[in-house]
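Colleague: Just dropping this structure here.
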Amino acid sequence: MNKLLLLICLLAGLHLQAKTIRVKNLAALQRSIDAAKPGDEIILAAGVYNAGAPVTIRISGTFTLPITISGDNSGSTEITGENGFRIEAPASHIIIKGFFFTHKSDKAVMQPGTSFCRFTRNIFQTTGEGNYLSIMGSDHQVDYNTFQHKNALGKFIGVRGEGSQIAERLWIHHNYFFDFQPQKGNGAEALQFGLSGYSLSSSHSLLEHNLFEQCAGENELISIKSSFVTIRYNTIRDCKAQFTLRHGNHCEVYGNYFLRTPGLRIFGDDHIISSNYFEQCKPAINIGNGGAEVADGADLRSHDRPDRVLIIFNTLVNNEENITRTVREKGIGSTFFTIAYNIIQGGGEAVSIKGNDYLSPTWKGNIIYNTNGAGQLPDTSFLQQDPLLVKDQYGVYHISKESPARGHGKNSYRLLTTDMDGQLRTGALDAGADQYSEKPPKARLLSPADVGHLAR
């Protein structure tokens with residue numbers, strides 16, 4: 001007990017020593033950052049500031065006493081000019097919030113060797129080619145920011161690492177990615193997570209509850225180029241670019257909402273694609289036709305043949321193309337896929353597999369209705385029946401109480417734990433992305449009011 005009381009007293013003492021420091025120019029901001037102690041908050045007055053040099057952060061707070069650097073009012077403290085915030089090793093436990101960044105691109109950086117830092121409640125609208133935000137360190141959080149109005153090569157967020165190791169344990173959530181104009185050339189993804197050289201390293205990062213709207217850039221919207229990344233409960237709406245598992249293995253993509261986009265494209269091995277919702281997409285899900293086999297020593301930059309991928313318990317509604325694979329010259333196909341317990345209603349053929357052998361597939365338990373035929377779905381692998389879908393208040397189709405999808409999932413999938421509403425899947429599994437429930441959803445189709453710097 002005496003040790004506990006001593007710890008409480010020490011923490012209380014630290015809190016009492018923490019200061020709120022108000023500054024009115026960038027020179028004073030830099031001096032205050034250099035001298036800051038754990039628990040301090042440095043507030044830059046509202047105004048427009050031209051950053052001729054980087055605002056460099058090398059200090060560290062603690063888990064319980066981070067150092068906060070903030071604008072006076074959200075969106076009214078603008079950093080413009082040639083530079084921005086540069087977080088350098090060994091900085092940790094830093095929070096940057098409430099700024100409007102209009103400076104040159106590629107100048108907001110979290111370098112290798114940094115950790116546990118956070119960008120929150122900011123607006124990013126940087127200028128010229130390059131990334132709005134680059135992340136190279138580990139254990140960082142990027143949340144409730146607005147990334148908007150990009151019309152140049154580069155990314156809203158680019159994730160890298162150090163050596164051949166991708167940044168680890170990142171948490172990117174509740175951000176609004178809006179208005180990325182089409183670009184000529186490669187390298188204009190809204191979010192690029194890694195590069196081919198990082199693809200076999202594990203990140204164990206989480207991308208969730210983000211909204212992407214009106215993002216074109218290039219043909220890839222989100223490009224995952226590392227292993228063990230979880231992407232869940234994001235909304236991708238009215239984007240003319242495709243979410244791609246481009247390099248890497250063992251990624252989980254579940255509970256996401258795709259509306260009027262080119263959907264999801266898959267390369268690499270051992271991914272789990274489950275409980276996602278696709279409506280009016282072309283295609284909804286594209287299985288990559290491999291160009292080489294990385295496991296056999298092929299170049300990491302190649303289109304790695306997809307192997308052992310689960311496409312299970314998804315709902316596809318009125319997509320011009322549903323589940324597809326296209327022809328690749330000298331392609332080597334895809335192997336050991338499972339396509340099971342999906343609901344496919346309306347649109348083109350349920351499954352259209354073209355080019356090369358589709359080796360050792362597993363098909364079972366799908367429900368199709370009112371599509372332009374079953375395509376390559378074997379007769380024994382689907383039930384052709386109205387799944388009795390009904391729209392919720394957000395216009396998303398769920399199964400009804402009387403749906404034949406209820407209890408249709410006969411097989412146990414231990415990794416399938418939640419549905420597209422964020423609700424637990426318990427008991428008999430329902431086909432499609434939705435496990436029937438009369439309880440309020442924990443996740444749903446996102447709107448701009450749910451994400452970004454002004455979110456509730």
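Order determines the names: the first chain of the structure tokens is A, the second B, and so forth; residues in each chain are numbered 1 upward, and ligands are numbered 1 upward as they are shown.
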How would you write, as a ChimeraX atom specification, the set of residues in stretch 357-415 of chain A that DSSP gives as strand (DSSP E)?
Modeller: /A:358-359,362-364,366-369,382-384,389-391,397-399
Colleague: Tell me which protein, DNA and RNA residues are within 9 Å of A:Arg232, counting only C-alpha atoms, leaving out same-chain ones fewer than 4 positions away, and put them as a PDB file with C-alpha atoms, in the first residue's frame.
Modeller:
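Saved result, part.pdb, follows:
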ATOM      1  CA  LEU A 206      -4.895  -1.630 -37.749  1.00  0.00           C
ATOM      2  CA  LEU A 207      -6.708   0.566 -40.277  1.00  0.00           C
ATOM      3  CA  GLU A 208     -10.312   1.061 -39.195  1.00  0.00           C
ATOM      4  CA  HIS A 209     -13.332   3.374 -39.358  1.00  0.00           C
ATOM      5  CA  ASN A 210     -11.865   5.595 -42.097  1.00  0.00           C
ATOM      6  CA  GLU A 252      -7.471  -9.498 -42.849  1.00  0.00           C
ATOM      7  CA  VAL A 253     -10.082  -7.407 -44.647  1.00  0.00           C
ATOM      8  CA  TYR A 254     -13.465  -7.472 -42.926  1.00  0.00           C
ATOM      9  CA  GLY A 255     -16.512  -5.374 -42.191  1.00  0.00           C
ATOM     10  CA  ASN A 256     -15.736  -2.787 -44.882  1.00  0.00           C
ATOM     11  CA  ASN A 276     -17.564  -7.053 -46.361  1.00  0.00           C
ATOM     12  CA  MET A 420     -20.265  -5.998 -40.921  1.00  0.00           C
TER      13      MET A 420
END
Colleague: Pick out the closest residue to A:Ile57 from this set: A:Ile33, A:Val451, A:Leu44, A:Gly39. Count only C-alpha atoms.
Modeller: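 Between A:Ile33, A:Val451, A:Leu44, A:Gly39, the residue approaching A:Ile57 most closely is A:Ile33.
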Colleague: Taking into account only C-alpha atoms, which residue in the set A:Phe180, A:Ser74, A:Pro404, A:Glu162 is nearest to A:Asn145?
Modeller: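 For A:Asn145, the nearest of the candidates is A:Ser74.
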Colleague: Find the residues around A:Ser334 up to 9 Å (only C-alpha atoms counted), leave out those fewer than 6 positions away in its own chain, and share them as JSON, numbers by chain.
Modeller: {"A": [267, 287, 288, 289, 290, 305, 306, 307, 308, 356, 357, 358, 359]}
Colleague: Give me the residues near A:Ser205 as a VMD selection string, where near means some atom within 12 Å (using only C-alpha atoms) and where sequence neighbours in that chain fewer than 6 positions away do not count.
Modeller: chain A and resid 138 to 142 159 166 to 173 193 to 194 224 226 to 232 250 to 252
Colleague: Counting only C-alpha atoms, which of A:Thr20, A:Gln30, A:Ser70, A:Asn83 gets nearest to A:Pro54?
Modeller: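 Nearest candidate to A:Pro54 out of A:Thr20, A:Gln30, A:Ser70, A:Asn83: A:Asn83.
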Colleague: With distances taken over only C-alpha atoms, which residue among A:Leu383, A:Val294, A:Ile21, A:Ile399 lies nearest A:Asn366?
Modeller: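 So, comparing all the options, the nearest one is A:Leu383.
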Colleague: I'd like to know which of A:Gln111, A:Thr102, A:Thr315, A:Ser437 is closest to A:Ile79, using only C-alpha atoms.
Modeller: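 Using only C-alpha atoms, the shortest distance to A:Ile79 belongs to A:Thr102.
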Colleague: Just the residues within 6 Å of A:Asn122, please, counting only C-alpha atoms, with nothing from its chain fewer than 3 positions along; format it as a PyMOL selection string.
Modeller: chain A and resi 97-100+145+453
Colleague: A:Phe382: which residues within 9 Å, counting only C-alpha atoms, same-chain residues fewer than 6 positions away excluded, as number ranges by chain?
Modeller: A: 340-341, 363-368, 374
Colleague: Determine the nearest neighbour of A:Phe63 from the options A:Ala35, A:Leu300, A:Cys117, A:Ala46, counting only C-alpha atoms.
Modeller: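 Result for the nearest residue to A:Phe63: A:Cys117.
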Colleague: Just the number, please: distance in Å from atom CA of A:Gly185 to atom CA of A:Lys225, one decimal.
Modeller: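 Taking atom CA of A:Gly185 and atom CA of A:Lys225, their separation equals 18.6 Å.
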Colleague: What is the atom CA of A:Asn151 to atom CA of A:Glu321 distance in Å?
Modeller: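 Pair atom CA of A:Asn151 / atom CA of A:Glu321 returns 29.4 Å.
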Colleague: Just the number, please: distance in Å from atom CA of A:Thr261 to atom CA of A:Ile236, one decimal.
Modeller: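 Atom CA of A:Thr261 sits 7.3 Å away from atom CA of A:Ile236.
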Colleague: Pick out the residues sitting within 7 Å of A:Gln181, and hand them over as a PyMOL selection string; count only C-alpha atoms, and ignore anything fewer than 3 positions along from it in its own chain.
Modeller: chain A and resi 150-151+215-217
